[in-house]
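Participant: Quick one, run_11.csv (CSV, C-alpha atoms and all ligand atoms):
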```
chain,number,residue,atom,x,y,z
O,1,MET,CA,5.4,59.7,94.3
O,2,VAL,CA,3.3,58.4,91.4
O,3,ASP,CA,4.8,57.4,88.1
O,4,SER,CA,2.7,59.6,85.9
O,5,ILE,CA,1.7,58.4,82.4
O,6,ILE,CA,2.5,61.2,79.9
O,7,ILE,CA,-0.3,61.2,77.4
O,8,ASP,CA,1.1,61.3,73.8
O,9,GLY,CA,-1.2,63.6,72.0
O,10,LYS,CA,0.9,63.5,68.8
O,11,ALA,CA,0.6,59.8,68.5
O,12,ARG,CA,-3.1,59.8,69.3
O,13,ALA,CA,-3.7,62.6,66.7
O,14,GLU,CA,-1.8,60.5,64.1
O,15,ALA,CA,-4.0,57.5,64.8
O,16,LEU,CA,-7.1,59.6,64.5
O,17,ARG,CA,-5.9,61.1,61.2
O,18,ALA,CA,-5.2,57.6,59.9
O,19,SER,CA,-8.8,56.4,60.9
O,20,VAL,CA,-10.3,59.5,59.2
O,21,ALA,CA,-8.2,58.8,56.0
O,22,ALA,CA,-9.4,55.2,55.9
O,23,GLU,CA,-13.0,56.3,56.2
O,24,VAL,CA,-12.6,59.0,53.6
O,25,ALA,CA,-11.2,56.4,51.2
O,26,ARG,CA,-14.2,54.1,51.9
O,27,LEU,CA,-16.7,57.0,51.3
O,28,ARG,CA,-15.0,57.9,48.0
O,29,ALA,CA,-14.8,54.3,46.8
O,30,GLU,CA,-18.3,53.1,47.9
O,31,HIS,CA,-20.3,56.3,47.7
O,32,GLY,CA,-18.4,58.7,45.4
O,33,LEU,CA,-18.5,61.1,48.4
O,34,GLN,CA,-15.4,63.2,49.1
O,35,PRO,CA,-15.7,65.2,52.3
O,36,GLY,CA,-14.8,68.9,51.6
O,37,LEU,CA,-13.4,71.5,54.0
O,38,ALA,CA,-13.2,75.3,53.3
O,39,VAL,CA,-11.0,77.4,55.5
O,40,ILE,CA,-11.4,81.2,55.5
O,41,LEU,CA,-8.5,83.4,56.6
O,42,VAL,CA,-9.0,87.2,56.8
O,43,GLY,CA,-5.9,89.3,57.1
O,44,ASP,CA,-2.3,88.4,57.7
O,45,ASP,CA,-2.0,87.4,61.4
O,46,PRO,CA,1.2,85.2,61.4
O,47,ALA,CA,-0.1,82.6,63.9
O,48,SER,CA,-3.4,82.3,62.0
O,49,GLN,CA,-1.5,81.8,58.7
O,50,ILE,CA,0.4,78.9,60.2
O,51,TYR,CA,-2.8,77.3,61.6
O,52,VAL,CA,-4.6,77.7,58.3
O,53,ARG,CA,-1.7,76.2,56.3
O,54,SER,CA,-1.6,73.2,58.6
O,55,LYS,CA,-5.4,72.7,58.3
O,56,GLY,CA,-5.2,72.9,54.5
O,57,GLU,CA,-2.3,70.4,54.3
O,58,GLN,CA,-3.8,67.9,56.8
O,59,SER,CA,-7.2,67.8,55.1
O,60,LEU,CA,-5.5,67.1,51.7
O,61,ALA,CA,-3.3,64.4,53.4
O,62,VAL,CA,-6.4,62.5,54.5
O,63,GLY,CA,-7.9,62.6,51.0
O,64,MET,CA,-10.4,65.4,51.5
O,65,HIS,CA,-11.3,68.2,49.1
O,66,SER,CA,-9.7,71.3,50.6
O,67,VAL,CA,-10.1,74.9,49.7
O,68,VAL,CA,-8.5,77.9,51.5
O,69,HIS,CA,-10.0,81.4,51.0
O,70,ARG,CA,-7.4,84.1,51.9
O,71,LEU,CA,-9.1,87.5,52.1
O,72,ALA,CA,-7.6,90.9,52.6
O,73,ALA,CA,-7.7,92.5,56.1
O,74,ASP,CA,-10.0,95.2,54.8
O,75,THR,CA,-12.6,92.8,53.6
O,76,THR,CA,-16.1,94.0,54.4
O,77,GLN,CA,-18.6,92.3,56.6
O,78,ALA,CA,-20.9,92.0,53.6
O,79,ASP,CA,-18.3,90.3,51.4
O,80,LEU,CA,-17.3,87.9,54.1
O,81,THR,CA,-21.0,87.0,54.8
O,82,ALA,CA,-21.5,86.5,51.0
O,83,LEU,CA,-18.6,84.1,50.9
O,84,ILE,CA,-20.0,82.1,53.9
O,85,GLU,CA,-23.5,81.9,52.2
O,86,ARG,CA,-21.9,80.7,48.9
O,87,LEU,CA,-20.1,78.0,50.8
O,88,ASN,CA,-23.3,77.1,52.7
O,89,ARG,CA,-24.8,76.3,49.3
O,90,ASP,CA,-21.8,74.6,47.8
O,91,PRO,CA,-22.5,70.8,47.7
O,92,ALA,CA,-18.7,70.0,47.5
O,93,ILE,CA,-18.1,71.7,50.9
O,94,HIS,CA,-19.2,69.9,54.0
O,95,GLY,CA,-17.2,71.9,56.6
O,96,ILE,CA,-16.5,75.6,56.8
O,97,LEU,CA,-14.0,77.0,59.3
O,98,LEU,CA,-13.6,80.7,59.9
O,99,GLN,CA,-10.2,81.3,61.3
O,100,LEU,CA,-10.4,83.5,64.4
O,101,PRO,CA,-9.7,86.2,65.5
O,102,LEU,CA,-11.0,88.4,62.7
O,103,PRO,CA,-9.4,91.8,62.1
O,104,ALA,CA,-11.3,94.8,63.5
O,105,PRO,CA,-14.0,96.0,62.8
O,106,LEU,CA,-15.4,92.6,61.5
O,107,ASP,CA,-17.9,91.0,63.9
O,108,ALA,CA,-17.2,87.3,64.3
O,109,GLY,CA,-20.5,86.6,66.0
O,110,ALA,CA,-22.5,88.2,63.2
O,111,VAL,CA,-20.6,86.2,60.6
O,112,LEU,CA,-21.0,82.9,62.5
O,113,ALA,CA,-24.7,83.5,62.8
O,114,ARG,CA,-24.9,83.2,59.0
O,115,LEU,CA,-22.9,79.9,58.9
O,116,ASP,CA,-24.9,76.7,58.3
O,117,PRO,CA,-24.8,74.9,61.6
O,118,ASP,CA,-24.5,71.5,59.8
O,119,LYS,CA,-21.3,72.8,58.2
O,120,ASP,CA,-19.9,74.4,61.4
O,121,VAL,CA,-17.0,72.0,61.9
O,122,ASP,CA,-15.5,74.3,64.6
O,123,GLY,CA,-18.7,73.9,66.6
O,124,LEU,CA,-18.9,77.7,67.3
O,125,THR,CA,-22.4,78.6,66.2
O,126,VAL,CA,-25.0,79.2,68.9
O,127,VAL,CA,-27.0,76.3,67.4
O,128,ASN,CA,-24.2,73.8,67.9
O,129,ALA,CA,-23.5,75.1,71.4
O,130,GLY,CA,-27.2,74.8,72.2
O,131,ARG,CA,-27.4,71.2,70.8
O,132,LEU,CA,-24.4,70.3,72.9
O,133,ALA,CA,-25.8,71.9,76.1
O,134,SER,CA,-29.1,70.1,75.4
O,135,GLY,CA,-27.5,66.7,74.9
O,136,LEU,CA,-28.4,66.5,71.2
O,137,PRO,CA,-26.0,65.5,68.4
O,138,ALA,CA,-23.8,68.5,67.7
O,139,LEU,CA,-20.7,69.4,65.9
O,140,THR,CA,-18.4,70.0,68.9
O,141,PRO,CA,-15.5,72.4,69.2
O,142,CYS,CA,-12.3,70.7,68.2
O,143,THR,CA,-10.0,71.2,71.2
O,144,PRO,CA,-12.7,70.0,73.7
O,145,LEU,CA,-13.4,67.0,71.6
O,146,GLY,CA,-9.6,66.3,71.6
O,147,CYS,CA,-9.6,66.5,75.4
O,148,LEU,CA,-12.4,64.0,75.6
O,149,ILE,CA,-10.8,61.5,73.2
O,150,LEU,CA,-7.6,61.6,75.3
O,151,LEU,CA,-9.4,61.1,78.6
O,152,ARG,CA,-11.5,58.3,77.3
O,153,GLU,CA,-8.5,56.5,76.0
O,154,ALA,CA,-6.6,57.0,79.3
O,155,LEU,CA,-9.4,56.2,81.7
O,156,GLY,CA,-12.0,54.2,79.8
O,157,ASP,CA,-15.5,54.9,81.1
O,158,LEU,CA,-15.7,58.4,82.7
O,159,ALA,CA,-19.0,57.9,84.5
O,160,GLY,CA,-19.2,59.0,88.1
O,161,ARG,CA,-15.8,60.7,88.1
O,162,GLU,CA,-15.4,64.2,89.7
O,163,ALA,CA,-14.3,66.5,86.9
O,164,VAL,CA,-13.1,70.1,87.4
O,165,VAL,CA,-12.8,72.4,84.4
O,166,LEU,CA,-10.7,75.5,85.0
O,167,GLY,CA,-12.0,78.2,82.5
O,168,ARG,CA,-15.4,78.9,81.1
O,169,SER,CA,-14.7,80.2,77.6
O,170,VAL,CA,-17.1,79.4,74.7
O,171,LEU,CA,-14.2,77.9,72.8
O,172,VAL,CA,-12.9,75.5,75.5
O,173,GLY,CA,-14.2,75.5,79.1
O,174,ARG,CA,-17.9,75.4,78.5
O,175,PRO,CA,-17.9,72.7,75.8
O,176,VAL,CA,-15.4,70.6,77.7
O,177,ALA,CA,-17.7,70.7,80.7
O,178,ALA,CA,-20.7,69.8,78.5
O,179,LEU,CA,-18.8,66.8,77.0
O,180,LEU,CA,-17.7,65.6,80.5
O,181,LEU,CA,-21.3,65.9,81.7
O,182,ALA,CA,-22.5,63.9,78.7
O,183,ASP,CA,-20.1,61.2,79.7
O,184,ASN,CA,-21.7,61.2,83.2
O,185,CYS,CA,-19.0,63.0,85.1
O,186,THR,CA,-19.9,65.2,88.1
O,187,VAL,CA,-18.7,68.5,86.7
O,188,THR,CA,-17.5,71.7,88.4
O,189,ILE,CA,-16.6,74.8,86.3
O,190,ALA,CA,-14.2,77.2,87.9
O,191,HIS,CA,-13.2,80.6,86.7
O,192,SER,CA,-11.6,83.9,87.7
O,193,LYS,CA,-14.2,84.6,90.4
O,194,SER,CA,-14.1,81.1,92.0
O,195,ARG,CA,-12.9,81.0,95.6
O,196,ASP,CA,-10.0,78.7,96.7
O,197,LEU,CA,-9.1,77.1,93.3
O,198,PRO,CA,-6.5,74.8,94.9
O,199,ALA,CA,-9.2,73.2,97.1
O,200,ILE,CA,-11.6,72.9,94.1
O,201,CYS,CA,-8.9,71.3,92.0
O,202,ARG,CA,-7.9,68.8,94.7
O,203,ARG,CA,-11.4,67.2,94.4
O,204,ALA,CA,-10.8,66.4,90.8
O,205,ASP,CA,-10.3,62.9,89.4
O,206,ILE,CA,-10.2,64.7,86.1
O,207,LEU,CA,-8.8,68.2,85.9
O,208,VAL,CA,-8.9,70.2,82.6
O,209,ALA,CA,-6.9,73.5,82.7
O,210,ALA,CA,-7.9,76.1,80.1
O,211,VAL,CA,-7.1,79.5,81.7
O,212,GLY,CA,-4.3,80.9,79.6
O,213,ARG,CA,-2.1,81.5,82.7
O,214,PRO,CA,1.4,80.1,82.5
O,215,GLU,CA,1.9,77.2,84.9
O,216,MET,CA,-0.9,78.4,87.3
O,217,VAL,CA,-1.8,74.9,88.4
O,218,ARG,CA,0.7,73.7,91.0
O,219,GLY,CA,1.7,70.3,92.2
O,220,ASP,CA,-0.2,70.6,95.5
O,221,TRP,CA,-3.5,71.4,93.6
O,222,ILE,CA,-3.6,67.8,92.3
O,223,LYS,CA,-5.3,64.8,93.8
O,224,PRO,CA,-2.8,62.0,93.6
O,225,GLY,CA,-3.6,59.8,90.6
O,226,ALA,CA,-5.8,62.3,88.9
O,227,ALA,CA,-5.9,62.7,85.1
O,228,VAL,CA,-4.7,66.3,84.2
O,229,ILE,CA,-5.3,67.7,80.7
O,230,ASP,CA,-3.4,70.9,80.0
O,231,VAL,CA,-5.1,73.0,77.3
O,232,GLY,CA,-3.0,76.1,77.8
O,233,ILE,CA,-0.6,77.5,75.2
O,234,ASN,CA,1.4,80.3,76.7
O,235,ARG,CA,4.5,82.0,75.3
O,236,VAL,CA,6.9,83.0,78.0
O,237,PRO,CA,10.5,84.4,77.9
O,238,PHE,CA,13.4,81.9,77.9
O,239,ARG,CA,14.7,81.2,81.5
O,240,ASP,CA,18.2,82.0,80.3
O,241,PRO,CA,18.5,85.8,80.6
O,242,ALA,CA,20.8,86.0,77.5
O,243,GLN,CA,18.2,84.2,75.4
O,244,ALA,CA,15.3,86.2,76.9
O,245,ALA,CA,17.2,89.4,76.1
O,246,LEU,CA,17.1,88.3,72.5
O,247,GLY,CA,13.3,88.1,72.7
O,248,ARG,CA,13.3,84.3,72.5
O,249,THR,CA,10.2,82.6,73.9
O,250,ARG,CA,9.2,79.1,74.8
O,251,VAL,CA,5.7,77.5,75.1
O,252,VAL,CA,4.3,76.4,78.5
O,253,GLY,CA,0.9,75.2,79.5
O,254,ASP,CA,-1.4,76.2,82.3
O,255,VAL,CA,0.0,73.4,84.5
O,256,ALA,CA,3.4,73.4,86.2
O,257,PHE,CA,4.4,70.2,84.4
O,258,LYS,CA,7.5,69.4,86.6
O,259,GLU,CA,5.6,69.7,89.9
O,260,VAL,CA,2.5,67.9,88.7
O,261,ARG,CA,4.4,65.0,87.1
O,262,GLY,CA,4.8,62.5,89.9
O,263,VAL,CA,1.4,63.4,91.5
O,264,ALA,CA,-1.0,63.0,88.6
O,265,GLY,CA,-1.8,59.6,87.3
O,266,TRP,CA,-2.0,60.9,83.7
O,267,LEU,CA,-0.7,64.2,82.3
O,268,THR,CA,-0.6,65.9,78.9
O,269,PRO,CA,2.6,67.7,78.0
O,270,VAL,CA,2.7,71.1,76.3
O,271,PRO,CA,3.6,71.0,73.5
O,272,GLY,CA,2.6,67.6,72.2
O,273,GLY,CA,-0.6,67.0,74.2
O,274,VAL,CA,-3.9,68.6,73.4
O,275,GLY,CA,-2.5,70.8,70.7
O,276,PRO,CA,-2.0,68.1,68.0
O,277,MET,CA,-5.5,66.8,68.6
O,278,THR,CA,-7.2,70.0,67.6
O,279,VAL,CA,-6.6,69.7,63.8
O,280,ALA,CA,-7.2,66.0,63.9
O,281,CYS,CA,-10.6,66.6,65.5
O,282,LEU,CA,-11.4,69.2,62.8
O,283,LEU,CA,-10.9,66.5,60.2
O,284,GLN,CA,-13.1,64.1,62.2
O,285,ASN,CA,-15.8,66.8,62.4
O,286,THR,CA,-15.6,67.4,58.7
O,287,LEU,CA,-16.0,63.7,58.1
O,288,THR,CA,-19.0,63.6,60.5
O,289,ALA,CA,-20.6,66.6,58.8
O,290,ALA,CA,-20.1,65.1,55.3
O,291,LYS,CA,-21.8,61.8,56.4
O,292,ARG,CA,-24.7,63.6,58.0
O,293,LEU,CA,-25.2,66.0,55.0
O,294,ALA,CA,-24.9,63.2,52.5
O,295,GLY,CA,-27.4,60.8,54.3
O,296,PRO,CA,-26.6,57.1,54.9
O,297,ALA,CA,-23.0,56.5,53.8
R,1,LIG,P1,-10.0,82.6,77.4
R,1,LIG,O1,-9.1,83.8,77.8
R,1,LIG,O2,-11.2,82.9,76.5
R,1,LIG,O3,-10.7,82.1,78.8
R,1,LIG,C1,-9.9,81.9,79.9
R,1,LIG,C2,-10.8,81.4,81.1
R,1,LIG,O4,-10.0,81.2,82.2
R,1,LIG,C3,-11.9,82.4,81.5
R,1,LIG,O5,-13.1,81.7,81.7
R,1,LIG,C4,-11.3,83.0,82.7
R,1,LIG,O6,-12.3,83.3,83.7
R,1,LIG,C5,-10.5,81.9,83.3
R,1,LIG,N1,-9.4,82.5,84.1
R,1,LIG,C6,-8.4,83.4,83.6
R,1,LIG,N2,-7.6,83.7,84.7
R,1,LIG,C7,-8.0,82.9,85.7
R,1,LIG,C8,-7.5,82.8,87.0
R,1,LIG,N3,-6.4,83.5,87.5
R,1,LIG,N4,-8.1,81.9,87.9
R,1,LIG,C9,-9.2,81.3,87.4
R,1,LIG,N5,-9.7,81.3,86.2
R,1,LIG,C10,-9.1,82.2,85.3
R,1,LIG,O7,-9.1,81.5,76.9
R,1,LIG,P2,-9.4,80.1,76.1
R,1,LIG,O8,-10.4,79.3,76.8
R,1,LIG,O9,-9.7,80.5,74.6
R,1,LIG,O10,-8.0,79.4,76.1
R,1,LIG,C11,-7.4,79.0,77.3
R,1,LIG,C12,-6.0,78.5,77.0
R,1,LIG,O11,-6.1,77.4,76.1
R,1,LIG,C13,-5.1,79.5,76.4
R,1,LIG,O12,-3.8,79.3,76.8
R,1,LIG,C14,-5.2,79.2,74.9
R,1,LIG,O13,-4.0,79.6,74.2
R,1,LIG,C15,-5.3,77.7,75.0
R,1,LIG,N6,-5.9,77.1,73.8
R,1,LIG,C16,-5.3,76.0,73.3
R,1,LIG,C17,-5.9,75.3,72.2
R,1,LIG,C18,-5.2,74.1,71.7
R,1,LIG,O14,-5.4,73.7,70.6
R,1,LIG,N7,-4.4,73.4,72.6
R,1,LIG,C19,-7.1,75.8,71.5
R,1,LIG,C20,-7.7,76.9,72.2
R,1,LIG,C21,-7.1,77.5,73.3
R,1,LIG,P3,-13.5,84.4,83.5
R,1,LIG,O15,-14.5,83.8,82.6
R,1,LIG,O16,-14.0,84.6,84.9
R,1,LIG,O17,-12.8,85.6,82.9
```
Show the structure stored in the file as structure tokens.
Ligand code: NDP
Facilitator:
Amino acid sequence: MVDSIIIDGKARAEALRASVAAEVARLRAEHGLQPGLAVILVGDDPASQIYVRSKGEQSLAVGMHSVVHRLAADTTQADLTALIERLNRDPAIHGILLQLPLPAPLDAGAVLARLDPDKDVDGLTVVNAGRLASGLPALTPCTPLGCLILLREALGDLAGREAVVLGRSVLVGRPVAALLLADNCTVTIAHSKSRDLPAICRRADILVAAVGRPEMVRGDWIKPGAAVIDVGINRVPFRDPAQAALGRTRVVGDVAFKEVRGVAGWLTPVPGGVGPMTVACLLQNTLTAAKRLAGPA
């Protein structure tokens, strides 16, 4: 049995926010440059409201200029696009984040196509995906960037390691794989049509699970000593039937934590692993965008 190291994403995110705050203070003092983030929320999805509030609060806390645009659920495609184009031109705004999902019938792809790629701090435009896939400097989706930061800190140089990414979404799986490849891992991407997932996973020195299936990855899928990054956030009923009957839920990852602990060398918990890194990486991306847009600073 291995004594797994539980990766503390909360502490790492706090350290990242502190380093962003220090750099923001330097830019303001030395260059009069205050990085600015605009977050757009359309409609009243409760989970999105919580995420947007947190993004607004955290960007203010690191000294950024922060604006939240809250739009009604019946906002038209034309009005949303007009807002994006106004923010594209606004010199005080260096990062624009469109909170997804959008209410129907709005078309997220069409709106993102109008977003200036140099302000696309969520890394979701086709231009940034293409830059990442081509090995060019890109604004990278925040959760994948968080995974890479945690892995580099745990393992140091990733070159030559066998990495398996479970999931191929545009938001997580594909960009994680591209980042691991850029760090010279040998990368396999597995998905719902892959055969014999346990055997594929057992090859991995690094396993990133992003499937959205509660506790799918079992203890006997893990190569002893591997680094396991659990991206999944799944709400499941409480084990206690009385609590479950009340509709109470708890959050679990895509990895069966109790089984994998003791086999993996490193393991992220859910909650408290990858999740906290996501907003911290959004701040990091906003800082990167501000520095690139403002020139040498
Ligand atoms: P998607 O649903 O977009 O993608 C899931 C991927 O997993 C797909 O590629 C799908 O394959 C694959 N998959 C689904 N079921 C299986 C299966 N049984 N076997 C093998 N592969 C399977 O999800 P996301 O990538 O957006 O999110 C993944 C998880 O990460 C979710 O739990 C989500 O909540 C969480 N998440 C967490 C974030 C954080 O901040 N920590 C941020 C974003 C997401 P196929 O393509 O073949 O359909």
Participant: List all protein, DNA and RNA residues that have any atom at most 7 Å from ligand LIG 1 (chain R), counting all atoms listed in the file, and write the list as a VMD selection string.
Facilitator: chain O and resid 143 166 to 169 171 to 173 190 to 194 210 to 213 231 to 234 253 to 254 274 to 275 278
Participant: Could you work out how far CA of Pro214 (chain O) lies from CA of Leu139 (chain O), giving the answer in Å with one decimal?
Facilitator: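 CA of Leu139 (chain O) sits 29.6 Å away from CA of Pro214 (chain O).
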Participant: Please return, as number ranges by chain, all polymer residues that have at least one atom within 12 Å of the point (3.3, 56.4, 90.6); use all atoms listed in the file and the file's own coordinate frame.
Facilitator: O: 1-6, 224-226, 260-266
Participant: Report the distance between CA of Asp74 (chain O) and CA of Leu112 (chain O) in Å, rounded to one decimal place.
Facilitator: 18.2 Å
Participant: List as a count of residues only the protein and nucleic acid residues near Asn128 (chain O), meaning an atom at most 10 Å away when only C-alpha atoms are counted, but skip any in the same chain fewer than 6 places from it.
Facilitator: 12
Participant: For Leu158 (chain O), which of O:Thr186, O:Ser59, O:Ser19, O:Thr76 is the closest residue, counting all atoms listed in the file?
Facilitator: O:Thr186
Participant: Which residues are close to region 83-91 of chain O, i.e. within 8 Å by only C-alpha atoms, leaving aside same-chain residues fewer than 5 positions away? Reply as a list in words.
Facilitator: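 What passes the distance filter is Ala38, Ile96, Val111, Arg114, Leu115, Asp116 and Lys119 of chain O.
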Participant: Using all atoms listed in the file, which of O:Ala209, O:Leu180, O:Val251, O:Leu150 sits nearest Pro237 (chain O)?
Facilitator: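 Distance minimum relative to Pro237 (chain O) lands on O:Val251.
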Participant: If we draw a sphere of 8 Å around (-14.1, 70.2, 79.2), which residues have at least one atom in it when counting all atoms listed in the file? Please report them as an MDAnalysis selection string.
Facilitator: chainID O and resid 144 147:148 165 172:180 208
Participant: Write out as a list in words the residues lying within 10 Å of Arg248 (chain O), counting only C-alpha atoms and excluding same-chain residues fewer than 4 positions away.
Facilitator: Arg235, Val236, Pro237, Phe238, Arg239, Asp240, Pro241, Ala242, Gln243 and Ala244 of chain O
Participant: Have a look at CA of Lys223 (chain O) and CA of Ala204 (chain O) and let me know their distance in Å, one decimal.
Facilitator: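 It comes out at 6.5 Å.
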Participant: Quick one: residues within 12 Å of Met277 (chain O), all atoms listed in the file, excluding same-chain residues fewer than 5 positions away - as an mmCIF file with C-alpha atoms, in the coordinates of the input?
Facilitator:
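For reference, around_5.cif as written:
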```
data_model
loop_
_atom_site.group_PDB
_atom_site.id
_atom_site.type_symbol
_atom_site.label_atom_id
_atom_site.label_comp_id
_atom_site.auth_asym_id
_atom_site.auth_seq_id
_atom_site.Cartn_x
_atom_site.Cartn_y
_atom_site.Cartn_z
ATOM 1 C CA ILE O 7 -0.300 61.200 77.400
ATOM 2 C CA ASP O 8 1.100 61.300 73.800
ATOM 3 C CA GLY O 9 -1.200 63.600 72.000
ATOM 4 C CA LYS O 10 0.900 63.500 68.800
ATOM 5 C CA ALA O 11 0.600 59.800 68.500
ATOM 6 C CA ARG O 12 -3.100 59.800 69.300
ATOM 7 C CA ALA O 13 -3.700 62.600 66.700
ATOM 8 C CA GLU O 14 -1.800 60.500 64.100
ATOM 9 C CA ALA O 15 -4.000 57.500 64.800
ATOM 10 C CA LEU O 16 -7.100 59.600 64.500
ATOM 11 C CA ARG O 17 -5.900 61.100 61.200
ATOM 12 C CA LYS O 55 -5.400 72.700 58.300
ATOM 13 C CA GLN O 58 -3.800 67.900 56.800
ATOM 14 C CA PRO O 141 -15.500 72.400 69.200
ATOM 15 C CA CYS O 142 -12.300 70.700 68.200
ATOM 16 C CA THR O 143 -10.000 71.200 71.200
ATOM 17 C CA PRO O 144 -12.700 70.000 73.700
ATOM 18 C CA LEU O 145 -13.400 67.000 71.600
ATOM 19 C CA GLY O 146 -9.600 66.300 71.600
ATOM 20 C CA CYS O 147 -9.600 66.500 75.400
ATOM 21 C CA LEU O 148 -12.400 64.000 75.600
ATOM 22 C CA ILE O 149 -10.800 61.500 73.200
ATOM 23 C CA LEU O 150 -7.600 61.600 75.300
ATOM 24 C CA VAL O 231 -5.100 73.000 77.300
ATOM 25 C CA THR O 268 -0.600 65.900 78.900
ATOM 26 C CA PRO O 271 3.600 71.000 73.500
ATOM 27 C CA GLY O 272 2.600 67.600 72.200
ATOM 28 C CA LEU O 282 -11.400 69.200 62.800
ATOM 29 C CA LEU O 283 -10.900 66.500 60.200
ATOM 30 C CA GLN O 284 -13.100 64.100 62.200
#
```
Participant: Do you know which residues are at most 9 Å from Gln77 (chain O) counting only C-alpha atoms, after dropping those on the same chain fewer than 6 positions away, and could you put them as an MDAnalysis selection string?
Facilitator: chainID O and resid 105:107 110:111
Participant: So, counting only C-alpha atoms, which residue among O:Gly135, O:Ala294, O:Gly123, O:Leu102 is closest to Cys281 (chain O)?
Facilitator: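 Once distances to Cys281 (chain O) are computed over only C-alpha atoms, the minimum belongs to O:Gly123.
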Participant: Using all atoms listed in the file, which of the listed residues (O:Ile222, O:Leu100, O:Leu267, O:Ala159) sits closest to Ser48 (chain O)?
Facilitator: O:Leu100
Participant: Considering all atoms listed in the file, can you say which of O:Gly36, O:Gly295, O:Pro198, O:Pro269 comes closest to His94 (chain O)?
Facilitator: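 Among the listed residues, the smallest separation from His94 (chain O) belongs to O:Gly36.
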